[in-house]
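Below: one structure, written as structure tokens.
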Amino acid sequence: MVAVKETIADVKRLESDKYKYGFTTEVEQERAPKGLSEETVRYISAKKDEPQWMLDWRLEAYKRWLEMREPDWAKVNYPKIDYQDIYYYAEPSSGAKYESIDDVPPEILADFEKLGIPLREQEVLLGVAGAAETAAEAREKPRVAVDAVFDSVSVATTFKAELARAGVIFMSISEAIREHPELVKKYLASVVPKSDNYFATLNCAVFSDGTFVYVPKGVRCPMELSTYFRMNAEGTGQFERTLIIAEEGSYVSYLEGCTAPMRDENQLHAAVVELVAMDDAEIKYSTVQNWWPGDENGKGGVYNFVTKRADCRGKNSKVSWTQVETGSAITWKYPSCILRGDNSVGEFYSVAVTNGAQQADTGTKMIHLGKNTRSRIISKGISAGRSDNTYRGLVSIHAKAEGARNFTQCDSLLIGDQCGAHTVPYIECKTPKAQLEHEATTTKLAEDQLFYARQRGLDEETATALLVNGFVRDVLQELPMEFAVEAQQLLKVSLEGSVG
Amino acid sequence: MLEIKNLHASVGGDKPILKGLDLSVPKGEAHAIMGPNGSGKSTLSYVLTGRDGYEATDGSILYDGENIADLAPEERAAKGLFLSFQYPVEIPGVPTLTFMKEALNAQRRARGEDEMSAPDFMKHVREKAKLLNISGDMLKRPVNVGFSGGEKKRLEILQAAVLEPRFLILDETDSGLDIDALKVVSDGVNALRSPERGMLVITHYQRLLDHISPDVVHVMSDGKIVASGGPELAKELEAEGYDKYVRAA
């Protein structure tokens, strides 16, 4: 066979008009003074009507943060962030809290509707009619309760009443601090310690809003819970905080989606997500992350520095992280599981797509502490354009974790010849009674596959999308149905212009 | 319907493989091309279907009177040109049914026709699959992944039956087939013969031609057609080998 000329040599660049979420919503904003200081922290706490203990908690984090240094070990490059040039809090000026969905400014509702989340419609069509339904009946219909976070404020939470009947608490974290302080005090920072890392500590000081979920003992949450995060205000960071607690024998599936307008400057997103699963509990956490990735020259875009960690605290507990990461200029994110309870299970399914000038350094940590704990890691990285995509993962098996097992599979797909894929697995094993498997592949989008598909009539972009979807199939099938379809579309859009 | 005139082509930009090939296949006929290894048979199939790196440097490929030498592979496919691959390519994670449905509807869209609905498509596929002894289970599996050589070739013919092309190129469809599989595949090919459809059967051996009786047999050597004749020519080649023609070229 004679060598075949490279077909996908000149990679076209991602054009900014491909990002359909890049609009800005015209709504008056009220912001904290620019920059970070004790004043800023006090301002945010006061805005949220927080109790004194919460303010003290934040201030302590702020003081620690001042002494910390930004980490530089990830394989990402970006200009130094000026933390004094960021607004740490923005809210629609008509007031931060909305008693009912009717009080939410119409511009914001319209914005979420553009994103495909018609809050009002859901409430009207399903929430009101569903008032008579029992939680058991509700289970049969695939419905999603949505918490929508607009810049720093949670604007609407749907299906609240119905969830309450099942005993599930689903509200913004700000509300939870006021209404369920005992739960928040008990679990906040119990998975990601306050001083865990630079970005997490920053989040502790200035986190604005986010979601709180509490599923009581033995309850199977009657619907999917979902949060949509939207960064709108210019020059504003988003620092959300999510805390999910699944009590003994309970189950919850949670989805988050994220978008942001196109802006020339970089927006900072430093979130912290903590999950706690008690005995026999299961949490399924899915993310479709589509923050604005910046333009084709790497100008603008979101810096996504996120700390996500689950504590499988109880025996037989299980946590699954599934993520589809297509957005952000820089992604720095390692959703992890601490497998503390005996027989607990941690799973990580990831698709990370980078195009244009995007950089992603993402992976997971599986910390095996309990006996017979199991973890499974399936990571699919797709790099196109001039992007860099790194899988970085740790599997750590402690001395007492007899019978622990891990399976890791990392596959990388390269589109074009100017991108990079890197796999950095760390493995620590302190017991001889454990079993670890690691598989890794790197392939180029094959010319013969592409030609085969085109010979059958598919144009190059459709063929590429089909091949990529095949490549990530193992992961996408872990997503809830509605999200899987959305994710497929997103992959196609993200890779538009990557061949040519 | 296919008219190739003085076709020159090189692979990878500089190595000439086809050196002035002339060939004409009228509608309704099946022509065989036989030739020794390295004579340029597979290159011809790729040049005809527009694979990157296989460029026609001179001459023309007229399809229904239109020169298609500069069209993209998918444009040629939409015009009804189909290649059954010598080595069908594996596409992990993409179910065969999905692949065929996407392909069929892409072609239909390109021709300005309505897409076929899912139920109609299923009915269409089931009919064709029965003839080739392909189970529904096989169709759910990813394209060509984990299939035997014979199964892959059967799937190629199934794709042809489903896409209903107007011109078929079969590249070494008999390679890797045992006697039984050869029979199934040839029956599938014969079922596709029609007064409206042309066929080019590229093969190294006579045995496929025992099942698919070609109207004309061509001998290819060093990038050219060096002899043409009736089915008896294939038998002669089987008995005497290609030596005569290789030396002649």
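Convention: chains lettered A, B, ... in structure tokens order; per-chain residue numbering from 1; ligands numbered from 1 as shown.
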
* Expected answer as a ChimeraX atom specification: chain A residues within 6 Å of chain B, only C-alpha atoms -> /A:4-5,454-459,470-471,473

* Residues at most 6 Å from Ser39 (chain B), counting only C-alpha atoms, excluding those fewer than 6 positions away in the same chain, as a ChimeraX atom specification? -> /B:221-223

What does the file look like for those residues with all heavy atoms, as an mmCIF file, in the first residue's frame?
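Output file part_10.cif is given in full below:
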```
data_model
loop_
_atom_site.group_PDB
_atom_site.id
_atom_site.type_symbol
_atom_site.label_atom_id
_atom_site.label_comp_id
_atom_site.auth_asym_id
_atom_site.auth_seq_id
_atom_site.Cartn_x
_atom_site.Cartn_y
_atom_site.Cartn_z
ATOM 1 N N SER B 221 -2.704 -4.461 -17.140
ATOM 2 C CA SER B 221 -1.304 -4.666 -16.776
ATOM 3 C C SER B 221 -0.576 -3.335 -16.862
ATOM 4 O O SER B 221 -0.796 -2.568 -17.809
ATOM 5 C CB SER B 221 -0.668 -5.689 -17.732
ATOM 6 O OG SER B 221 0.679 -5.886 -17.372
ATOM 7 N N ASP B 222 0.210 -3.058 -15.876
ATOM 8 C CA ASP B 222 0.987 -1.824 -15.802
ATOM 9 C C ASP B 222 0.152 -0.582 -16.117
ATOM 10 O O ASP B 222 0.555 0.272 -16.906
ATOM 11 C CB ASP B 222 2.200 -1.919 -16.741
ATOM 12 C CG ASP B 222 3.233 -0.829 -16.408
ATOM 13 O OD1 ASP B 222 3.286 -0.399 -15.238
ATOM 14 O OD2 ASP B 222 3.951 -0.400 -17.331
ATOM 15 N N GLY B 223 -1.024 -0.487 -15.507
ATOM 16 C CA GLY B 223 -1.813 0.738 -15.586
ATOM 17 C C GLY B 223 -2.591 0.940 -16.865
ATOM 18 O O GLY B 223 -3.061 2.047 -17.124
#
```

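Straight-line separation from CA of Lys444 (chain A) to CA of Leu413 (chain A): 5.5 Å.
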
* Would you give me, as a PyMOL selection string, the residues in region 123-173 of chain B that DSSP reads as strand (DSSP E)? -> chain B and resi 142-143+167-171

* Shell of 7 Å around region 199-210 of chain B, only C-alpha atoms, local chain residues under 4 positions omitted, as a ChimeraX atom specification -> /B:29-36,41,167-172,174,214,234-235,238

* Exercise: Ala129 (chain B) partners within 10 Å, only C-alpha atoms, chain neighbours under 6 positions left out, as an NGL selection string -> :B and (123 or 135-136 or 138-139 or 154-155 or 157-159 or 161-162 or 188)
